[in-house]
$ cat query17.pdb   # PDB, N, CA and C atoms, pLDDT in the B column
ATOM      1  N   MET A   1      87.959 110.399  91.762  1.00 74.00           N
ATOM      2  CA  MET A   1      87.543 109.079  91.370  1.00 74.00           C
ATOM      3  C   MET A   1      88.108 108.769  89.986  1.00 74.00           C
ATOM      4  N   ARG A   2      88.616 107.563  89.840  1.00 79.00           N
ATOM      5  CA  ARG A   2      89.221 107.153  88.575  1.00 79.00           C
ATOM      6  C   ARG A   2      88.182 106.535  87.654  1.00 79.00           C
ATOM      7  N   THR A   3      88.405 106.728  86.359  1.00 89.00           N
ATOM      8  CA  THR A   3      87.515 106.121  85.375  1.00 89.00           C
ATOM      9  C   THR A   3      87.855 104.639  85.222  1.00 89.00           C
ATOM     10  N   THR A   4      87.014 103.914  84.530  1.00 89.00           N
ATOM     11  CA  THR A   4      87.236 102.490  84.300  1.00 89.00           C
ATOM     12  C   THR A   4      88.537 102.263  83.534  1.00 89.00           C
ATOM     13  N   GLN A   5      88.803 103.098  82.547  1.00 92.00           N
ATOM     14  CA  GLN A   5      90.025 102.959  81.755  1.00 92.00           C
ATOM     15  C   GLN A   5      91.249 103.250  82.616  1.00 92.00           C
ATOM     16  N   GLU A   6      91.175 104.259  83.477  1.00 90.00           N
ATOM     17  CA  GLU A   6      92.295 104.579  84.355  1.00 90.00           C
ATOM     18  C   GLU A   6      92.562 103.445  85.342  1.00 90.00           C
ATOM     19  N   MET A   7      91.513 102.851  85.871  1.00 88.00           N
ATOM     20  CA  MET A   7      91.676 101.733  86.807  1.00 88.00           C
ATOM     21  C   MET A   7      92.290 100.525  86.110  1.00 88.00           C
ATOM     22  N   ALA A   8      91.891 100.269  84.879  1.00 89.00           N
ATOM     23  CA  ALA A   8      92.455  99.147  84.127  1.00 89.00           C
ATOM     24  C   ALA A   8      93.951  99.366  83.891  1.00 89.00           C
ATOM     25  N   ALA A   9      94.329 100.571  83.512  1.00 92.00           N
ATOM     26  CA  ALA A   9      95.736 100.888  83.278  1.00 92.00           C
ATOM     27  C   ALA A   9      96.529 100.809  84.589  1.00 92.00           C
ATOM     28  N   LEU A  10      95.939 101.300  85.666  1.00 91.00           N
ATOM     29  CA  LEU A  10      96.588 101.252  86.972  1.00 91.00           C
ATOM     30  C   LEU A  10      96.797  99.810  87.406  1.00 91.00           C
ATOM     31  N   ARG A  11      95.799  98.981  87.215  1.00 90.00           N
ATOM     32  CA  ARG A  11      95.905  97.573  87.591  1.00 90.00           C
ATOM     33  C   ARG A  11      97.015  96.885  86.807  1.00 90.00           C
ATOM     34  N   GLN A  12      97.094  97.137  85.512  1.00 91.00           N
ATOM     35  CA  GLN A  12      98.148  96.537  84.691  1.00 91.00           C
ATOM     36  C   GLN A  12      99.522  96.951  85.192  1.00 91.00           C
ATOM     37  N   ARG A  13      99.669  98.216  85.531  1.00 92.00           N
ATOM     38  CA  ARG A  13     100.964  98.726  86.021  1.00 92.00           C
ATOM     39  C   ARG A  13     101.314  98.110  87.366  1.00 92.00           C
ATOM     40  N   ILE A  14     100.330  97.987  88.258  1.00 91.00           N
ATOM     41  CA  ILE A  14     100.567  97.389  89.571  1.00 91.00           C
ATOM     42  C   ILE A  14     100.955  95.922  89.425  1.00 91.00           C
ATOM     43  N   VAL A  15     100.256  95.197  88.577  1.00 89.00           N
ATOM     44  CA  VAL A  15     100.567  93.786  88.348  1.00 89.00           C
ATOM     45  C   VAL A  15     101.984  93.650  87.805  1.00 89.00           C
ATOM     46  N   GLN A  16     102.350  94.498  86.864  1.00 90.00           N
ATOM     47  CA  GLN A  16     103.697  94.461  86.296  1.00 90.00           C
ATOM     48  C   GLN A  16     104.743  94.703  87.387  1.00 90.00           C
ATOM     49  N   LEU A  17     104.515  95.695  88.237  1.00 90.00           N
ATOM     50  CA  LEU A  17     105.473  96.008  89.286  1.00 90.00           C
ATOM     51  C   LEU A  17     105.567  94.884  90.318  1.00 90.00           C
ATOM     52  N   ARG A  18     104.437  94.275  90.669  1.00 87.00           N
ATOM     53  CA  ARG A  18     104.459  93.153  91.617  1.00 87.00           C
ATOM     54  C   ARG A  18     105.227  91.978  91.044  1.00 87.00           C
ATOM     55  N   ARG A  19     105.057  91.709  89.766  1.00 84.00           N
ATOM     56  CA  ARG A  19     105.778  90.596  89.132  1.00 84.00           C
ATOM     57  C   ARG A  19     107.270  90.879  89.016  1.00 84.00           C
ATOM     58  N   GLU A  20     107.634  92.164  89.046  1.00 88.00           N
ATOM     59  CA  GLU A  20     109.044  92.539  89.075  1.00 88.00           C
ATOM     60  C   GLU A  20     109.626  92.437  90.479  1.00 88.00           C
ATOM     61  N   GLY A  21     108.763  92.167  91.455  1.00 87.00           N
ATOM     62  CA  GLY A  21     109.227  91.987  92.825  1.00 87.00           C
ATOM     63  C   GLY A  21     109.118  93.210  93.705  1.00 87.00           C
ATOM     64  N   LYS A  22     108.426  94.247  93.251  1.00 89.00           N
ATOM     65  CA  LYS A  22     108.275  95.459  94.043  1.00 89.00           C
ATOM     66  C   LYS A  22     107.291  95.226  95.189  1.00 89.00           C
ATOM     67  N   SER A  23     107.574  95.846  96.321  1.00 88.00           N
ATOM     68  CA  SER A  23     106.682  95.754  97.466  1.00 88.00           C
ATOM     69  C   SER A  23     105.542  96.754  97.307  1.00 88.00           C
ATOM     70  N   ARG A  24     104.534  96.591  98.151  1.00 89.00           N
ATOM     71  CA  ARG A  24     103.405  97.528  98.114  1.00 89.00           C
ATOM     72  C   ARG A  24     103.883  98.953  98.387  1.00 89.00           C
ATOM     73  N   ARG A  25     104.798  99.107  99.318  1.00 91.00           N
ATOM     74  CA  ARG A  25     105.327 100.434  99.647  1.00 91.00           C
ATOM     75  C   ARG A  25     106.051 101.040  98.447  1.00 91.00           C
ATOM     76  N   GLU A  26     106.870 100.242  97.780  1.00 93.00           N
ATOM     77  CA  GLU A  26     107.591 100.733  96.604  1.00 93.00           C
ATOM     78  C   GLU A  26     106.628 101.135  95.491  1.00 93.00           C
ATOM     79  N   ILE A  27     105.568 100.363  95.308  1.00 92.00           N
ATOM     80  CA  ILE A  27     104.580 100.689  94.276  1.00 92.00           C
ATOM     81  C   ILE A  27     103.896 102.011  94.596  1.00 92.00           C
ATOM     82  N   LYS A  28     103.537 102.218  95.853  1.00 93.00           N
ATOM     83  CA  LYS A  28     102.893 103.480  96.225  1.00 93.00           C
ATOM     84  C   LYS A  28     103.835 104.666  96.021  1.00 93.00           C
ATOM     85  N   GLU A  29     105.130 104.465  96.275  1.00 94.00           N
ATOM     86  CA  GLU A  29     106.105 105.529  96.050  1.00 94.00           C
ATOM     87  C   GLU A  29     106.232 105.856  94.563  1.00 94.00           C
ATOM     88  N   LEU A  30     106.187 104.824  93.719  1.00 94.00           N
ATOM     89  CA  LEU A  30     106.334 105.026  92.277  1.00 94.00           C
ATOM     90  C   LEU A  30     105.093 105.642  91.638  1.00 94.00           C
ATOM     91  N   LEU A  31     103.908 105.182  92.050  1.00 92.00           N
ATOM     92  CA  LEU A  31     102.669 105.593  91.385  1.00 92.00           C
ATOM     93  C   LEU A  31     101.950 106.751  92.058  1.00 92.00           C
ATOM     94  N   GLY A  32     102.392 107.137  93.224  1.00 91.00           N
ATOM     95  CA  GLY A  32     101.763 108.252  93.902  1.00 91.00           C
ATOM     96  C   GLY A  32     100.694 107.794  94.884  1.00 91.00           C
ATOM     97  N   PRO A  33     100.037 108.768  95.493  1.00 89.00           N
ATOM     98  CA  PRO A  33      99.076 108.443  96.542  1.00 89.00           C
ATOM     99  C   PRO A  33      97.881 107.641  96.029  1.00 89.00           C
ATOM    100  N   MET A  34      97.544 106.611  96.811  1.00 89.00           N
ATOM    101  CA  MET A  34      96.344 105.807  96.557  1.00 89.00           C
ATOM    102  C   MET A  34      96.008 105.098  97.853  1.00 89.00           C
ATOM    103  N   SER A  35      94.787 104.703  97.983  1.00 90.00           N
ATOM    104  CA  SER A  35      94.370 104.019  99.200  1.00 90.00           C
ATOM    105  C   SER A  35      94.894 102.590  99.212  1.00 90.00           C
ATOM    106  N   ASN A  36      94.992 102.031 100.416  1.00 90.00           N
ATOM    107  CA  ASN A  36      95.416 100.634 100.545  1.00 90.00           C
ATOM    108  C   ASN A  36      94.427  99.698  99.874  1.00 90.00           C
ATOM    109  N   SER A  37      93.144 100.036  99.927  1.00 89.00           N
ATOM    110  CA  SER A  37      92.139  99.160  99.316  1.00 89.00           C
ATOM    111  C   SER A  37      92.267  99.162  97.796  1.00 89.00           C
ATOM    112  N   THR A  38      92.555 100.306  97.197  1.00 87.00           N
ATOM    113  CA  THR A  38      92.753 100.370  95.747  1.00 87.00           C
ATOM    114  C   THR A  38      93.956  99.525  95.346  1.00 87.00           C
ATOM    115  N   LEU A  39      95.045  99.684  96.067  1.00 88.00           N
ATOM    116  CA  LEU A  39      96.247  98.906  95.771  1.00 88.00           C
ATOM    117  C   LEU A  39      95.975  97.423  95.969  1.00 88.00           C
ATOM    118  N   GLY A  40      95.314  97.071  97.044  1.00 86.00           N
ATOM    119  CA  GLY A  40      95.018  95.672  97.322  1.00 86.00           C
ATOM    120  C   GLY A  40      94.115  95.048  96.283  1.00 86.00           C
ATOM    121  N   ASN A  41      93.090  95.776  95.861  1.00 84.00           N
ATOM    122  CA  ASN A  41      92.170  95.259  94.843  1.00 84.00           C
ATOM    123  C   ASN A  41      92.877  95.056  93.508  1.00 84.00           C
ATOM    124  N   CYS A  42      93.761  95.969  93.162  1.00 83.00           N
ATOM    125  CA  CYS A  42      94.463  95.858  91.887  1.00 83.00           C
ATOM    126  C   CYS A  42      95.509  94.751  91.914  1.00 83.00           C
ATOM    127  N   ALA A  43      96.149  94.536  93.047  1.00 80.00           N
ATOM    128  CA  ALA A  43      97.251  93.580  93.138  1.00 80.00           C
ATOM    129  C   ALA A  43      96.795  92.211  93.632  1.00 80.00           C
ATOM    130  N   ARG A  44      95.523  92.019  93.792  1.00 77.00           N
ATOM    131  CA  ARG A  44      95.003  90.792  94.406  1.00 77.00           C
ATOM    132  C   ARG A  44      95.539  89.524  93.763  1.00 77.00           C
ATOM    133  N   ARG A  45      95.592  89.459  92.462  1.00 67.00           N
ATOM    134  CA  ARG A  45      96.024  88.233  91.781  1.00 67.00           C
ATOM    135  C   ARG A  45      97.420  88.343  91.188  1.00 67.00           C
ATOM    136  N   ALA A  46      98.175  89.343  91.602  1.00 67.00           N
ATOM    137  CA  ALA A  46      99.531  89.517  91.084  1.00 67.00           C
ATOM    138  C   ALA A  46     100.521  88.910  92.069  1.00 67.00           C
ATOM    139  N   TRP A  47     101.095  87.790  91.695  1.00 64.00           N
ATOM    140  CA  TRP A  47     102.041  87.117  92.573  1.00 64.00           C
ATOM    141  C   TRP A  47     103.440  87.605  92.281  1.00 64.00           C
ATOM    142  N   ILE A  48     104.237  87.639  93.325  1.00 60.00           N
ATOM    143  CA  ILE A  48     105.637  88.003  93.167  1.00 60.00           C
ATOM    144  C   ILE A  48     106.382  86.775  92.659  1.00 60.00           C
ATOM    145  N   THR A  49     107.179  86.969  91.626  1.00 57.00           N
ATOM    146  CA  THR A  49     107.961  85.852  91.098  1.00 57.00           C
ATOM    147  C   THR A  49     109.236  85.730  91.909  1.00 57.00           C
ATOM    148  N   ARG A  50     109.731  84.526  92.017  1.00 58.00           N
ATOM    149  CA  ARG A  50     110.991  84.302  92.737  1.00 58.00           C
ATOM    150  C   ARG A  50     112.138  84.821  91.890  1.00 58.00           C
ATOM    151  N   ARG A  51     113.090  85.442  92.560  1.00 59.00           N
ATOM    152  CA  ARG A  51     114.252  85.962  91.854  1.00 59.00           C
ATOM    153  C   ARG A  51     115.293  84.878  91.620  1.00 59.00           C
ATOM    154  N   SER A  52     115.264  83.860  92.449  1.00 53.00           N
ATOM    155  CA  SER A  52     116.187  82.741  92.258  1.00 53.00           C
ATOM    156  C   SER A  52     115.381  81.444  92.331  1.00 53.00           C
ATOM    157  N   PRO A  53     115.850  80.406  91.657  1.00 57.00           N
ATOM    158  CA  PRO A  53     115.111  79.158  91.674  1.00 57.00           C
ATOM    159  C   PRO A  53     115.096  78.528  93.064  1.00 57.00           C
ATOM    160  N   ALA A  54     114.016  77.862  93.362  1.00 53.00           N
ATOM    161  CA  ALA A  54     113.907  77.186  94.658  1.00 53.00           C
ATOM    162  C   ALA A  54     114.877  76.006  94.696  1.00 53.00           C
ATOM    163  N   PRO A  55     115.403  75.698  95.868  1.00 56.00           N
ATOM    164  CA  PRO A  55     116.369  74.586  95.965  1.00 56.00           C
ATOM    165  C   PRO A  55     115.715  73.237  95.684  1.00 56.00           C
TER     166      PRO A  55
END
$ encode --input "query17.pdb" --output "structure tokens"
Amino acid sequence: MRTTQEMAALRQRIVQLRREGKSRREIKELLGPMSNSTLGNCARRAWITRRSPAP
């Protein structure tokens, strides 16, 4: 079980990776094993930014 501080740091890292355009699978590969619910809860409000402008 992770502490509150560890979860906060994990969430920040997940949000950063999602904003860089990483997929959930790529994030799990980078950060190691975690449940889908943990990843989903941390990434809930992290939107992927577009790499190119919309037409």
$ select_by_dssp --input "query17.pdb" --residues "chain A" --states "helix (DSSP H, G or I)" --output "PyMOL selection string"
chain A and resi 4-19+24-31+36-43
$ write_last_selection --input "query17.pdb" --atoms "N, CA and C atoms" --output "mmCIF file, keeping the file's coordinate frame"
data_model
loop_
_atom_site.group_PDB
_atom_site.id
_atom_site.type_symbol
_atom_site.label_atom_id
_atom_site.label_comp_id
_atom_site.auth_asym_id
_atom_site.auth_seq_id
_atom_site.Cartn_x
_atom_site.Cartn_y
_atom_site.Cartn_z
ATOM 1 N N THR A 4 87.014 103.914 84.530
ATOM 2 C CA THR A 4 87.236 102.490 84.300
ATOM 3 C C THR A 4 88.537 102.263 83.534
ATOM 4 N N GLN A 5 88.803 103.098 82.547
ATOM 5 C CA GLN A 5 90.025 102.959 81.755
ATOM 6 C C GLN A 5 91.249 103.250 82.616
ATOM 7 N N GLU A 6 91.175 104.259 83.477
ATOM 8 C CA GLU A 6 92.295 104.579 84.355
ATOM 9 C C GLU A 6 92.562 103.445 85.342
ATOM 10 N N MET A 7 91.513 102.851 85.871
ATOM 11 C CA MET A 7 91.676 101.733 86.807
ATOM 12 C C MET A 7 92.290 100.525 86.110
ATOM 13 N N ALA A 8 91.891 100.269 84.879
ATOM 14 C CA ALA A 8 92.455 99.147 84.127
ATOM 15 C C ALA A 8 93.951 99.366 83.891
ATOM 16 N N ALA A 9 94.329 100.571 83.512
ATOM 17 C CA ALA A 9 95.736 100.888 83.278
ATOM 18 C C ALA A 9 96.529 100.809 84.589
ATOM 19 N N LEU A 10 95.939 101.300 85.666
ATOM 20 C CA LEU A 10 96.588 101.252 86.972
ATOM 21 C C LEU A 10 96.797 99.810 87.406
ATOM 22 N N ARG A 11 95.799 98.981 87.215
ATOM 23 C CA ARG A 11 95.905 97.573 87.591
ATOM 24 C C ARG A 11 97.015 96.885 86.807
ATOM 25 N N GLN A 12 97.094 97.137 85.512
ATOM 26 C CA GLN A 12 98.148 96.537 84.691
ATOM 27 C C GLN A 12 99.522 96.951 85.192
ATOM 28 N N ARG A 13 99.669 98.216 85.531
ATOM 29 C CA ARG A 13 100.964 98.726 86.021
ATOM 30 C C ARG A 13 101.314 98.110 87.366
ATOM 31 N N ILE A 14 100.330 97.987 88.258
ATOM 32 C CA ILE A 14 100.567 97.389 89.571
ATOM 33 C C ILE A 14 100.955 95.922 89.425
ATOM 34 N N VAL A 15 100.256 95.197 88.577
ATOM 35 C CA VAL A 15 100.567 93.786 88.348
ATOM 36 C C VAL A 15 101.984 93.650 87.805
ATOM 37 N N GLN A 16 102.350 94.498 86.864
ATOM 38 C CA GLN A 16 103.697 94.461 86.296
ATOM 39 C C GLN A 16 104.743 94.703 87.387
ATOM 40 N N LEU A 17 104.515 95.695 88.237
ATOM 41 C CA LEU A 17 105.473 96.008 89.286
ATOM 42 C C LEU A 17 105.567 94.884 90.318
ATOM 43 N N ARG A 18 104.437 94.275 90.669
ATOM 44 C CA ARG A 18 104.459 93.153 91.617
ATOM 45 C C ARG A 18 105.227 91.978 91.044
ATOM 46 N N ARG A 19 105.057 91.709 89.766
ATOM 47 C CA ARG A 19 105.778 90.596 89.132
ATOM 48 C C ARG A 19 107.270 90.879 89.016
ATOM 49 N N ARG A 24 104.534 96.591 98.151
ATOM 50 C CA ARG A 24 103.405 97.528 98.114
ATOM 51 C C ARG A 24 103.883 98.953 98.387
ATOM 52 N N ARG A 25 104.798 99.107 99.318
ATOM 53 C CA ARG A 25 105.327 100.434 99.647
ATOM 54 C C ARG A 25 106.051 101.040 98.447
ATOM 55 N N GLU A 26 106.870 100.242 97.780
ATOM 56 C CA GLU A 26 107.591 100.733 96.604
ATOM 57 C C GLU A 26 106.628 101.135 95.491
ATOM 58 N N ILE A 27 105.568 100.363 95.308
ATOM 59 C CA ILE A 27 104.580 100.689 94.276
ATOM 60 C C ILE A 27 103.896 102.011 94.596
ATOM 61 N N LYS A 28 103.537 102.218 95.853
ATOM 62 C CA LYS A 28 102.893 103.480 96.225
ATOM 63 C C LYS A 28 103.835 104.666 96.021
ATOM 64 N N GLU A 29 105.130 104.465 96.275
ATOM 65 C CA GLU A 29 106.105 105.529 96.050
ATOM 66 C C GLU A 29 106.232 105.856 94.563
ATOM 67 N N LEU A 30 106.187 104.824 93.719
ATOM 68 C CA LEU A 30 106.334 105.026 92.277
ATOM 69 C C LEU A 30 105.093 105.642 91.638
ATOM 70 N N LEU A 31 103.908 105.182 92.050
ATOM 71 C CA LEU A 31 102.669 105.593 91.385
ATOM 72 C C LEU A 31 101.950 106.751 92.058
ATOM 73 N N ASN A 36 94.992 102.031 100.416
ATOM 74 C CA ASN A 36 95.416 100.634 100.545
ATOM 75 C C ASN A 36 94.427 99.698 99.874
ATOM 76 N N SER A 37 93.144 100.036 99.927
ATOM 77 C CA SER A 37 92.139 99.160 99.316
ATOM 78 C C SER A 37 92.267 99.162 97.796
ATOM 79 N N THR A 38 92.555 100.306 97.197
ATOM 80 C CA THR A 38 92.753 100.370 95.747
ATOM 81 C C THR A 38 93.956 99.525 95.346
ATOM 82 N N LEU A 39 95.045 99.684 96.067
ATOM 83 C CA LEU A 39 96.247 98.906 95.771
ATOM 84 C C LEU A 39 95.975 97.423 95.969
ATOM 85 N N GLY A 40 95.314 97.071 97.044
ATOM 86 C CA GLY A 40 95.018 95.672 97.322
ATOM 87 C C GLY A 40 94.115 95.048 96.283
ATOM 88 N N ASN A 41 93.090 95.776 95.861
ATOM 89 C CA ASN A 41 92.170 95.259 94.843
ATOM 90 C C ASN A 41 92.877 95.056 93.508
ATOM 91 N N CYS A 42 93.761 95.969 93.162
ATOM 92 C CA CYS A 42 94.463 95.858 91.887
ATOM 93 C C CYS A 42 95.509 94.751 91.914
ATOM 94 N N ALA A 43 96.149 94.536 93.047
ATOM 95 C CA ALA A 43 97.251 93.580 93.138
ATOM 96 C C ALA A 43 96.795 92.211 93.632
#
$ resolve_selection --input "query17.pdb" --expression "the PyMOL selection byres ((chain A and resi 43) around 8)" --output "ChimeraX atom specification"
/A:10-11,14-15,18,37-42,44-47
$ atom_distance --input "query17.pdb" --atom1 "atom C of Met7 (chain A)" --atom2 "atom N of Arg19 (chain A)"
15.9 Å
$ atom_distance --input "query17.pdb" --atom1 "atom N of Gln16 (chain A)" --atom2 "atom C of Gly32 (chain A)"
15.6 Å
$ atom_distance --input "query17.pdb" --atom1 "atom N of Arg13 (chain A)" --atom2 "atom N of Leu31 (chain A)"
10.4 Å
